[in-house]
Every structure is written in C-alpha cells, then in structure tokens.
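J.: Okay, so here is target_21.cif, and as you'll see once you scroll down, it has mmCIF, C-alpha atoms and all ligand atoms.
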```
data_upload
loop_
_atom_site.label_atom_id
_atom_site.label_comp_id
_atom_site.auth_asym_id
_atom_site.auth_seq_id
_atom_site.Cartn_x
_atom_site.Cartn_y
_atom_site.Cartn_z
CA MET A 1 36.01 -7.30 -28.07
CA GLN A 2 34.61 -10.71 -27.27
CA VAL A 3 31.29 -10.58 -25.39
CA PRO A 4 32.02 -11.89 -21.89
CA LYS A 5 29.45 -14.02 -20.09
CA LEU A 6 28.55 -13.11 -16.52
CA THR A 7 28.78 -15.83 -13.90
CA ILE A 8 27.07 -15.39 -10.55
CA GLY A 9 27.49 -18.47 -8.38
CA GLN A 10 25.93 -21.43 -10.20
CA PHE A 11 24.37 -19.23 -12.91
CA THR A 12 25.83 -17.98 -16.17
CA PHE A 13 24.24 -15.14 -18.10
CA ASP A 14 25.11 -14.95 -21.81
CA LYS A 15 25.21 -11.17 -21.80
CA PRO A 16 27.03 -8.89 -19.34
CA ILE A 17 23.93 -6.71 -18.95
CA VAL A 18 22.07 -6.22 -15.67
CA GLN A 19 18.69 -4.50 -15.51
CA GLY A 20 18.88 -2.31 -12.43
CA ALA A 21 16.02 -2.58 -9.98
CA MET A 22 13.71 0.44 -9.93
CA GLY A 23 11.25 0.50 -7.06
CA VAL A 24 7.51 1.27 -6.95
CA ARG A 25 7.03 -1.02 -9.96
CA ILE A 26 9.08 1.04 -12.43
CA SER A 27 11.10 -2.05 -13.26
CA SER A 28 8.45 -4.63 -12.54
CA TYR A 29 6.84 -7.20 -14.86
CA PRO A 30 7.43 -7.69 -17.77
CA LEU A 31 10.88 -6.06 -17.68
CA PRO A 32 12.87 -8.60 -15.59
CA PRO A 33 11.72 -11.74 -17.46
CA MET A 34 12.14 -10.00 -20.83
CA VAL A 35 15.76 -9.16 -19.95
CA ALA A 36 16.31 -12.68 -18.63
CA ASN A 37 14.94 -14.29 -21.80
CA LEU A 38 17.35 -12.17 -23.86
CA GLY A 39 20.37 -13.49 -21.93
CA GLY A 40 20.74 -10.67 -19.40
CA TRP A 41 20.17 -10.49 -15.68
CA GLY A 42 16.65 -9.33 -14.82
CA MET A 43 16.05 -7.91 -11.37
CA ILE A 44 12.69 -8.05 -9.60
CA THR A 45 12.14 -5.10 -7.28
CA THR A 46 10.52 -5.63 -3.89
CA ILE A 47 10.12 -1.95 -3.07
CA GLY A 48 6.65 -0.45 -2.93
CA LEU A 49 4.97 -3.46 -4.57
CA GLY A 50 2.03 -3.28 -2.18
CA GLY A 51 0.96 0.10 -3.57
CA ASP A 52 -2.13 1.81 -2.21
CA GLU A 53 -3.63 -1.29 -0.68
CA ALA A 54 -0.58 -1.75 1.54
CA VAL A 55 -0.81 1.84 2.69
CA HIS A 56 -4.24 1.37 4.21
CA ARG A 57 -4.11 -2.22 5.40
CA ASP A 58 -1.59 -4.66 6.77
CA TYR A 59 1.62 -3.30 5.17
CA PRO A 60 4.02 -6.22 5.77
CA ARG A 61 1.50 -8.92 4.79
CA ILE A 62 0.33 -7.13 1.62
CA SER A 63 3.92 -6.37 0.62
CA ASN A 64 4.82 -10.06 0.96
CA GLU A 65 1.79 -11.19 -1.01
CA ALA A 66 2.54 -8.67 -3.74
CA LEU A 67 6.12 -9.93 -3.93
CA VAL A 68 5.01 -13.55 -4.24
CA ALA A 69 2.60 -12.55 -7.03
CA GLU A 70 5.32 -10.53 -8.81
CA ILE A 71 7.82 -13.41 -8.64
CA GLU A 72 5.17 -15.84 -9.91
CA ARG A 73 4.25 -13.80 -12.96
CA CYS A 74 7.90 -13.06 -13.79
CA CYS A 75 8.69 -16.79 -13.55
CA GLN A 76 5.74 -17.59 -15.82
CA LEU A 77 7.35 -15.49 -18.56
CA SER A 78 10.91 -16.74 -18.01
CA THR A 79 12.46 -19.86 -16.54
CA LYS A 80 15.87 -18.14 -16.41
CA PRO A 81 17.33 -17.08 -13.07
CA MET A 82 16.26 -13.64 -11.91
CA ALA A 83 17.35 -11.66 -8.87
CA VAL A 84 15.37 -9.84 -6.24
CA ASN A 85 16.43 -6.38 -5.06
CA VAL A 86 15.86 -5.20 -1.50
CA MET A 87 16.69 -1.97 0.32
CA GLY A 88 18.37 -2.38 3.68
CA ALA A 89 16.45 0.64 4.98
CA LEU A 90 13.04 -1.00 4.48
CA SER A 91 11.32 -1.79 7.77
CA ASN A 92 10.25 -5.18 6.37
CA VAL A 93 13.50 -6.01 4.56
CA ASN A 94 14.09 -9.32 6.37
CA ASP A 95 10.55 -10.42 5.63
CA LEU A 96 10.95 -9.64 1.93
CA ILE A 97 14.24 -11.54 1.70
CA ASP A 98 12.66 -14.52 3.44
CA THR A 99 9.65 -14.43 1.13
CA ALA A 100 11.84 -14.17 -1.98
CA VAL A 101 14.03 -17.08 -0.93
CA ARG A 102 11.00 -19.21 -0.05
CA SER A 103 9.62 -18.39 -3.50
CA GLY A 104 12.72 -19.93 -5.08
CA ILE A 105 14.80 -16.81 -5.79
CA LYS A 106 18.51 -17.63 -5.84
CA ILE A 107 20.05 -14.16 -6.12
CA VAL A 108 19.42 -11.42 -3.54
CA VAL A 109 20.77 -7.94 -4.30
CA TYR A 110 20.95 -5.70 -1.23
CA GLY A 111 21.26 -1.91 -1.44
CA ALA A 112 20.79 1.18 0.76
CA GLY A 113 22.31 -0.35 3.85
CA ILE A 114 25.34 -2.32 4.97
CA PRO A 115 24.48 -6.03 4.91
CA LEU A 116 26.86 -7.01 7.70
CA ASP A 117 24.90 -10.10 8.72
CA LEU A 118 23.06 -11.02 5.54
CA PRO A 119 24.69 -14.51 5.48
CA LYS A 120 23.09 -15.19 8.87
CA LEU A 121 19.65 -14.31 7.50
CA VAL A 122 20.26 -16.40 4.36
CA PRO A 123 22.38 -19.39 5.40
CA ASP A 124 21.42 -21.39 2.27
CA LEU A 125 24.63 -21.39 0.23
CA SER A 126 22.71 -21.92 -3.02
CA VAL A 127 21.36 -18.37 -2.63
CA ASN A 128 23.78 -15.80 -4.03
CA LEU A 129 24.15 -12.62 -2.03
CA VAL A 130 25.10 -9.44 -3.90
CA PRO A 131 25.62 -6.18 -1.98
CA ILE A 132 25.28 -2.83 -3.74
CA VAL A 133 28.22 -0.62 -2.75
CA SER A 134 29.64 2.75 -3.60
CA SER A 135 33.17 2.61 -2.13
CA ALA A 136 36.14 0.30 -1.68
CA ARG A 137 35.87 0.95 2.05
CA LEU A 138 32.44 -0.64 2.20
CA VAL A 139 33.64 -3.57 0.09
CA ARG A 140 36.49 -4.13 2.54
CA ILE A 141 34.15 -4.03 5.54
CA ILE A 142 31.74 -6.56 4.00
CA LEU A 143 34.45 -8.94 2.78
CA SER A 144 36.34 -8.93 6.05
CA ARG A 145 33.20 -9.48 8.14
CA TRP A 146 31.70 -12.21 5.93
CA ALA A 147 35.02 -14.04 5.55
CA LYS A 148 35.75 -14.02 9.29
CA LYS A 149 32.30 -14.57 10.69
CA TYR A 150 30.60 -16.65 7.99
CA GLN A 151 33.47 -18.08 5.86
CA ARG A 152 31.45 -16.89 2.91
CA LEU A 153 31.90 -14.26 0.19
CA PRO A 154 29.40 -12.18 -1.75
CA ALA A 155 28.63 -13.77 -5.12
CA ALA A 156 29.26 -10.36 -6.71
CA PHE A 157 29.17 -6.64 -5.97
CA VAL A 158 27.15 -4.00 -7.77
CA LEU A 159 29.26 -0.86 -7.67
CA GLU A 160 26.99 2.17 -8.11
CA GLY A 161 28.90 5.31 -9.01
CA PRO A 162 27.99 8.96 -8.41
CA LEU A 163 26.16 9.36 -11.75
CA ALA A 164 23.45 6.80 -10.94
CA GLY A 165 19.75 7.47 -10.73
CA GLY A 166 17.77 7.17 -7.54
CA HIS A 167 19.25 7.17 -4.04
CA LEU A 168 23.02 7.64 -3.98
CA GLY A 169 25.72 6.30 -1.69
CA PHE A 170 27.64 9.59 -1.92
CA ASN A 171 27.55 12.79 0.10
CA GLN A 172 27.54 16.30 -1.34
CA TYR A 173 31.31 16.71 -0.92
CA GLU A 174 31.92 13.54 -2.91
CA LEU A 175 29.48 14.60 -5.64
CA ASP A 176 31.25 17.97 -5.83
CA HIS A 177 34.64 16.29 -6.39
CA PRO A 178 34.19 14.02 -9.42
CA GLU A 179 37.91 14.21 -10.13
CA ILE A 180 38.38 11.97 -7.06
CA PHE A 181 35.03 10.26 -6.59
CA ASN A 182 34.34 8.84 -10.03
CA LEU A 183 33.35 5.34 -11.05
CA LYS A 184 36.68 4.64 -12.79
CA ASN A 185 38.75 5.41 -9.68
CA ILE A 186 36.40 3.57 -7.36
CA LEU A 187 36.29 0.51 -9.64
CA ALA A 188 40.10 0.27 -9.59
CA GLU A 189 40.10 0.52 -5.78
CA VAL A 190 37.31 -2.06 -5.43
CA LEU A 191 39.05 -4.54 -7.75
CA ALA A 192 42.24 -4.19 -5.69
CA VAL A 193 40.32 -4.99 -2.48
CA VAL A 194 38.46 -7.92 -4.03
CA ARG A 195 41.44 -9.75 -5.66
CA PRO A 196 43.13 -11.07 -2.47
CA TYR A 197 39.81 -12.50 -1.25
CA GLU A 198 39.26 -14.20 -4.60
CA GLN A 199 42.65 -15.85 -4.24
CA MET A 200 42.10 -16.77 -0.59
CA PHE A 201 38.74 -18.44 -1.30
CA GLY A 202 39.43 -19.61 -4.88
CA GLN A 203 36.22 -17.90 -5.89
CA LYS A 204 35.57 -15.14 -8.44
CA ILE A 205 33.73 -12.05 -7.19
CA PRO A 206 32.42 -10.22 -10.26
CA VAL A 207 32.12 -6.44 -9.90
CA ILE A 208 29.21 -4.97 -11.87
CA VAL A 209 29.35 -1.22 -12.49
CA ALA A 210 26.40 1.18 -12.61
CA GLY A 211 25.68 4.88 -12.91
CA GLY A 212 25.42 7.08 -15.99
CA ILE A 213 26.46 4.29 -18.35
CA LEU A 214 25.46 4.72 -22.00
CA ILE A 215 25.39 2.07 -24.73
CA ALA A 216 28.70 3.25 -26.22
CA ASP A 217 30.45 3.15 -22.81
CA VAL A 218 29.93 -0.55 -22.15
CA PRO A 219 33.15 -1.87 -23.82
CA TYR A 220 35.18 0.70 -21.87
CA TRP A 221 33.88 -0.55 -18.50
CA LEU A 222 34.44 -4.17 -19.48
CA SER A 223 38.02 -3.32 -20.54
CA LEU A 224 38.62 -1.85 -17.08
CA GLY A 225 37.69 -5.13 -15.40
CA ALA A 226 33.96 -4.72 -14.73
CA ALA A 227 32.20 -8.06 -15.16
CA ALA A 228 29.01 -6.42 -16.43
CA VAL A 229 27.10 -3.15 -16.49
CA GLN A 230 23.91 -2.38 -14.59
CA LEU A 231 21.60 0.08 -16.31
CA GLY A 232 18.60 1.95 -14.95
CA THR A 233 17.80 5.02 -17.03
CA LEU A 234 18.28 3.18 -20.35
CA PHE A 235 15.83 0.48 -19.25
CA VAL A 236 13.22 3.10 -18.38
CA MET A 237 13.41 4.13 -22.04
CA THR A 238 12.14 0.77 -23.27
CA ASP A 239 8.67 -0.18 -24.44
CA GLU A 240 8.50 -2.91 -21.79
CA CYS A 241 9.20 -0.61 -18.81
CA PRO A 242 5.83 -0.28 -17.04
CA ALA A 243 6.31 3.37 -16.01
CA ALA A 244 3.60 5.75 -17.28
CA PRO A 245 4.13 7.52 -20.65
CA GLU A 246 4.38 10.85 -18.74
CA PHE A 247 7.37 9.47 -16.77
CA LYS A 248 9.18 8.47 -19.97
CA GLN A 249 8.24 11.79 -21.59
CA ALA A 250 9.91 13.63 -18.68
CA TYR A 251 13.08 11.69 -19.50
CA LEU A 252 12.81 12.63 -23.19
CA GLU A 253 12.35 16.32 -22.35
CA ALA A 254 14.98 16.58 -19.59
CA LYS A 255 17.79 19.06 -20.13
CA PRO A 256 21.06 18.98 -18.15
CA GLU A 257 19.84 21.87 -15.97
CA ASP A 258 16.69 19.92 -15.05
CA VAL A 259 18.65 17.23 -13.21
CA HIS A 260 18.87 17.92 -9.47
CA ILE A 261 20.25 16.36 -6.32
CA ILE A 262 17.74 16.30 -3.47
CA HIS A 263 17.82 15.33 0.19
CA SER A 264 15.54 12.33 0.43
CA PRO A 265 13.64 11.72 3.70
CA VAL A 266 15.44 8.36 3.68
CA GLY A 267 18.57 10.24 4.76
CA LEU A 268 20.37 9.87 1.43
CA LEU A 269 20.91 12.16 -1.53
CA GLY A 270 18.96 11.31 -4.65
CA ARG A 271 19.11 12.32 -8.29
CA VAL A 272 15.85 13.51 -9.82
CA ILE A 273 14.44 15.46 -12.74
CA HIS A 274 12.73 18.72 -11.89
CA SER A 275 8.94 18.38 -11.64
CA PRO A 276 6.18 20.69 -10.31
CA PHE A 277 6.25 18.53 -7.19
CA LEU A 278 9.71 19.84 -6.21
CA ASP A 279 8.36 23.42 -6.29
CA LYS A 280 5.47 22.38 -4.05
CA VAL A 281 7.91 20.76 -1.61
CA ALA A 282 10.09 23.88 -1.59
CA ALA A 283 7.01 26.03 -0.87
CA GLY A 284 6.01 23.73 2.01
CA GLN A 285 2.75 22.85 0.24
CA VAL A 286 3.03 19.09 0.55
CA LYS A 287 1.14 17.40 3.35
CA ILE A 288 2.69 14.28 4.78
CA GLU A 289 0.84 11.42 6.38
CA CYS A 290 2.51 8.16 7.24
CA PRO A 291 0.12 5.32 7.95
CA TYR A 292 3.00 2.83 7.84
CA HIS A 293 6.68 3.33 8.53
CA CYS A 294 8.14 1.69 5.41
CA ILE A 295 11.69 3.03 5.78
CA THR A 296 13.46 2.78 9.12
CA SER A 297 15.75 5.74 8.41
CA CYS A 298 12.86 8.02 7.36
CA GLU A 299 12.51 10.93 9.79
CA ILE A 300 8.75 11.24 9.67
CA LYS A 301 8.63 14.27 11.97
CA THR A 302 10.97 16.36 9.82
CA ALA A 303 10.28 14.83 6.38
CA ARG A 304 8.94 17.33 3.87
CA PHE A 305 7.21 14.64 1.85
CA CYS A 306 6.56 10.91 1.75
CA ILE A 307 9.16 9.43 -0.59
CA ALA A 308 7.19 6.25 -1.26
CA ARG A 309 4.05 8.17 -2.21
CA ALA A 310 6.00 10.69 -4.36
CA LEU A 311 7.84 7.97 -6.28
CA TYR A 312 4.66 5.99 -6.75
CA ASN A 313 2.82 9.06 -8.10
CA ALA A 314 5.60 9.65 -10.63
CA LYS A 315 5.46 6.04 -11.79
CA LEU A 316 1.71 6.51 -12.39
CA GLY A 317 2.38 9.69 -14.40
CA LEU A 318 1.05 12.09 -11.72
CA LEU A 319 4.02 14.42 -12.04
CA ASP A 320 2.42 17.32 -10.14
CA ASP A 321 2.73 15.12 -7.07
CA GLY A 322 5.57 12.89 -8.19
CA LEU A 323 9.31 12.59 -7.77
CA ILE A 324 11.13 11.45 -10.92
CA PHE A 325 14.33 9.56 -10.17
CA ALA A 326 16.80 9.47 -13.07
CA GLY A 327 20.49 8.99 -13.85
CA ALA A 328 22.86 11.89 -14.57
CA ASN A 329 22.78 11.22 -18.31
CA VAL A 330 19.00 11.34 -18.60
CA HIS A 331 19.24 14.45 -20.81
CA LEU A 332 20.81 12.25 -23.50
CA MET A 333 17.74 10.00 -23.75
CA ASP A 334 16.05 10.63 -27.11
CA ARG A 335 13.99 7.53 -27.94
CA ILE A 336 11.96 4.68 -26.51
CA ILE A 337 12.90 1.28 -27.95
CA PRO A 338 12.18 -2.40 -27.33
CA VAL A 339 14.37 -4.12 -24.71
CA SER A 340 15.57 -6.48 -27.44
CA GLN A 341 16.92 -3.52 -29.44
CA LEU A 342 18.65 -1.98 -26.43
CA MET A 343 20.38 -5.24 -25.60
CA ALA A 344 21.27 -5.98 -29.25
CA GLU A 345 22.84 -2.52 -29.65
CA ILE A 346 24.92 -3.03 -26.50
CA ILE A 347 26.16 -6.39 -27.76
CA GLU A 348 26.94 -4.98 -31.24
CA GLY A 349 28.92 -2.19 -29.57
CA ILE A 350 30.98 -4.69 -27.57
CA GLU A 351 31.65 -6.87 -30.62
CA ALA A 352 32.72 -3.87 -32.71
CA SER A 353 34.99 -2.40 -30.04
CA PRO A 354 38.77 -2.40 -30.62
CA LEU A 355 39.26 -2.57 -26.84
CA SER A 356 40.01 -5.90 -25.20
CA LEU A 357 39.05 -7.59 -21.98
CA PRO A 358 41.68 -7.51 -19.24
CA SER A 359 43.70 -10.73 -19.08
C1 LIG B 1 13.66 5.57 -11.46
C2 LIG B 1 14.75 4.85 -10.72
C3 LIG B 1 14.43 4.09 -9.60
C4 LIG B 1 15.43 3.36 -8.93
N1 LIG B 1 15.09 2.56 -7.87
C5 LIG B 1 16.01 1.76 -7.31
C6 LIG B 1 15.66 0.80 -6.31
O1 LIG B 1 14.51 0.70 -5.92
N2 LIG B 1 16.64 0.01 -5.79
C7 LIG B 1 17.94 0.10 -6.21
O2 LIG B 1 18.80 -0.64 -5.72
N3 LIG B 1 18.31 0.99 -7.16
C8 LIG B 1 17.38 1.79 -7.74
N4 LIG B 1 17.74 2.65 -8.75
C9 LIG B 1 19.13 2.59 -9.28
C10 LIG B 1 19.20 1.66 -10.52
O3 LIG B 1 18.95 0.33 -10.19
C11 LIG B 1 20.57 1.74 -11.23
O4 LIG B 1 21.60 1.22 -10.46
C12 LIG B 1 20.94 3.16 -11.62
O5 LIG B 1 19.82 3.80 -12.16
C13 LIG B 1 22.05 3.14 -12.63
O6 LIG B 1 22.27 4.43 -13.15
P1 LIG B 1 21.67 4.90 -14.56
O7 LIG B 1 20.24 5.17 -14.32
O8 LIG B 1 22.44 6.12 -14.90
O9 LIG B 1 21.85 3.76 -15.54
C14 LIG B 1 16.76 3.42 -9.38
C15 LIG B 1 17.08 4.21 -10.50
C16 LIG B 1 16.10 4.91 -11.17
C17 LIG B 1 16.46 5.73 -12.38
#
```
Any chance you could put this one into structure tokens?

T.:
Amino acid sequence: MQVPKLTIGQFTFDKPIVQGAMGVRISSYPLPPMVANLGGWGMITTIGLGGDEAVHRDYPRISNEALVAEIERCCQLSTKPMAVNVMGALSNVNDLIDTAVRSGIKIVVYGAGIPLDLPKLVPDLSVNLVPIVSSARLVRIILSRWAKKYQRLPAAFVLEGPLAGGHLGFNQYELDHPEIFNLKNILAEVLAVVRPYEQMFGQKIPVIVAGGILIADVPYWLSLGAAAVQLGTLFVMTDECPAAPEFKQAYLEAKPEDVHIIHSPVGLLGRVIHSPFLDKVAAGQVKIECPYHCITSCEIKTARFCIARALYNAKLGLLDDGLIFAGANVHLMDRIIPVSQLMAEIIEGIEASPLSLPS
C-alpha cells in the first residue's frame, strides 16, 4: 500500500499518524514536536497543564500561562504545524482555545463535548477545527449546524471508537454490544454522512480513527477509508512520553483482566488499568477537595474522587493515589521504544501491506 499523506486544511502531513492528546502532561513536550518532526501530527494537550500551582492559585490564569509556555517550547523544537487539544467539559475551555489561537496554533481539536458553536468562537478561517466524535449521529449534528449557521465545515473528524483509552463517548450498553458498536461499523456510517457535505462544499473532510489500534492494524483502517490513525497507548510506550516510569511499567504489566471501565466524575465512562487507588475509591477511603471547578460536568458533591488529581498522580508515578487511563489493547504492550521507531514500523507496515487505499 502506498503511504497516504494527511491533509488538514492548508497543512499536509507526510505520515497518516496522529499522536493522540493525553492530558495532565502525559503527552506533553517533547512528544508533540518529536512526532511533528517525523512527519506526523503532534497534538499539544491543554488539560491539567497548570498542575499543583493552578490548584492553589488563580486557576484560569495559571492554566493559560502554562499553555503559552508549552506551545512555546514545543514550537522551539519543531516548526511544523501542531494541534492543540481541548475538552469541551473544561470550565476554562474558551479561554484555552483563545490562548492557543493567539499563540499561533492553527488546528484545534475539540473532544468531550459537542462543539455546536465552535466556529463562532474561532471565526478565523485559517484555524482548522477538528471535533472528536464517537457516532455518525454526532457527525450529522455538527455538519448540519456548522453548514447552516456558519457556512463552514470541520477540517477533519477524529472518530474515537469504543476501544480507546481515557474518557469514552459510549455508554455501558454500547460497550456491551461490540457487534453493533465497533469502530468499523461506525467509520462506515460516518463516511456515509460526511460524503454529501464534501460534495456540497467541494472540500475534503478527513476522518481519523482512534481506539485500540495496533501497528499491524494501520493498513486495514486506511483501506477502509480512514485518512489516518490516532494513537494514544502506543505513544505512551515511547521513550519520549513524559509519563513516569511507574506509569509505563503498569502498561507493561497489565493483563486483560486488569483493564476496567469506570464511571468518571466527569459523567463519562473511562477505561483504566487497575491500581491500588481504585480499591481505595471502592472502600470510600479517598478524600475529595475541590479548590477549583475545572470540569463543568463534574458533580463535586457526589464525586468519589477528583479526576484531575488522580490522573495527575498517575502521571507522576504515584499509583497508590493515581488513575491510569489506557486503551483496551494495553495488555499487548511489551516494550518501550523511541518515537522514531514506532513511526518507522507503522510506515513499513503500510508499505508492505497487500491491501490498497480506497479509490
Ligand atoms: C493516558 C491517556 C490519557 C488521555 N487523555 C486524553 C485527553 O486529555 N484528551 C483527549 O481528547 N483524549 C485523551 N485520550 C485519548 C487518546 O488521545 C486517544 O484517542 C486514545 O487513547 C486512542 O486509543 P488507544 O490508546 O487505544 O490508542 C487519552 C488516552 C490515554 C491512554
């Protein structure tokens, strides 16, 4: 198979590989610029960048300053275009988008929320808007709204399937029925919804797939019409991922039975690896204090733990108090390699594949 390039608006990436955003600095510097320099799409996360300082002081201001600093250091390592990832459920999401755009970012990827009026917030047409979705229904809603109200289309969609790591756009019923709710079915439905809009506007809308994708699977997804793959778990298992060694070790040791679905205080299901922290939560031993309300959908009164704090602890390697997000195929992770090797192996797999790209 020929290696397809990925075009997002005015930008072309040589490799159809997207580094998924992973909040609380799991995918922060130097991962995004390393991926960008190797011809992929690096994604800068905005979530939880303020860390401890933001908890105790002015949360929105410190978060913005941390984002500016993160963008600056990523741009010092790479002059290639990089995206910024935001979560719709963040209480300061609009601020972060504004800060990113003012810092020169030209691709905004928006997950965990329905970005009905994102074009209003970012009227600059040189900024590419990319919603993260998990169903054809959501794609239809966004396309119809943006086309009618803003005469504008998303530059691409990231379609996250039920096997992804982190927060999921699926309910328990959907997760229990993989014969219906699987990435292959949903991709076909999404492509069918997208095509008429592409024709209407004379504009391509690449669909990038994510969730449980392994190196050997990439040609398959490209042959089904995905424009690229977004990977999270595989990027954690790189030397350049700044997560603590204990976090990566938990991935290496994970068995299929260690992978759980939890109810996150955010109001979504999430996929995690078992850690002592989950036992503490189950036993009601976790105290929760919320000096700042970082997630609008977080039910502080009923929450059994602070998701931001738990994710941050895991990133630091404090697994007794940490929540380890991971994709469904985490039990297959058996090595930590340089980003360059991961990307080279993906490209070799595409080139060697007897499959072909759809015409
Ligand atoms: C540790 C971890 C943290 C994540 N954090 C975020 C996030 O902050 N924002 C987001 O849009 N997706 C997040 N994700 C989802 C990834 O970007 C990616 O889409 C997903 O992991 C793909 O599935 P895979 O891990 O099986 O490759 C996270 C995933 C993991 C594993």

J.: For ligand LIG 1 (chain B), list the contacting residues at 8 Å or closer, counting only C-alpha atoms and all ligand atoms, as a count of residues only.

T.: 45

J.: To one decimal place, how far is atom CA of Met34 of chain A from atom CA of Arg73 of chain A in Å?

T.: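 So the two atoms, atom CA of Met34 of chain A and atom CA of Arg73 of chain A, lie 11.8 Å apart.
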
J.: Set the distance at 7 Å and use all atoms listed in the file: which residues neighbour segment 133-138 of chain A once local chain neighbours fewer than 3 positions away are removed? I'd like the list as a PDB file with C-alpha atoms, keeping the file's coordinate frame.

T.:
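After the write, out28.pdb holds the following:
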```
ATOM      1  CA  ILE A 141      34.150  -4.030   5.540  1.00  0.00           C
ATOM      2  CA  ILE A 142      31.740  -6.560   4.000  1.00  0.00           C
ATOM      3  CA  PHE A 157      29.170  -6.640  -5.970  1.00  0.00           C
ATOM      4  CA  VAL A 158      27.150  -4.000  -7.770  1.00  0.00           C
ATOM      5  CA  LEU A 159      29.260  -0.860  -7.670  1.00  0.00           C
ATOM      6  CA  GLU A 160      26.990   2.170  -8.110  1.00  0.00           C
ATOM      7  CA  GLY A 161      28.900   5.310  -9.010  1.00  0.00           C
ATOM      8  CA  GLY A 169      25.720   6.300  -1.690  1.00  0.00           C
ATOM      9  CA  ILE A 186      36.400   3.570  -7.360  1.00  0.00           C
ATOM     10  CA  GLU A 189      40.100   0.520  -5.780  1.00  0.00           C
ATOM     11  CA  VAL A 190      37.310  -2.060  -5.430  1.00  0.00           C
ATOM     12  CA  VAL A 193      40.320  -4.990  -2.480  1.00  0.00           C
TER      13      VAL A 193
END
```

J.: In Å to one decimal, how far is atom CA of Phe170 of chain A from atom CA of Val229 of chain A?

T.: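 Straight-line distance from atom CA of Val229 of chain A to atom CA of Phe170 of chain A works out to 19.4 Å.
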
J.: Using all atoms listed in the file, find the one residue out of A:Asp95, A:Glu345, A:Glu299, A:Asp321 that sits nearest to Lys287 of chain A.

T.: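 Nearest candidate to Lys287 of chain A out of A:Asp95, A:Glu345, A:Glu299, A:Asp321: A:Asp321.
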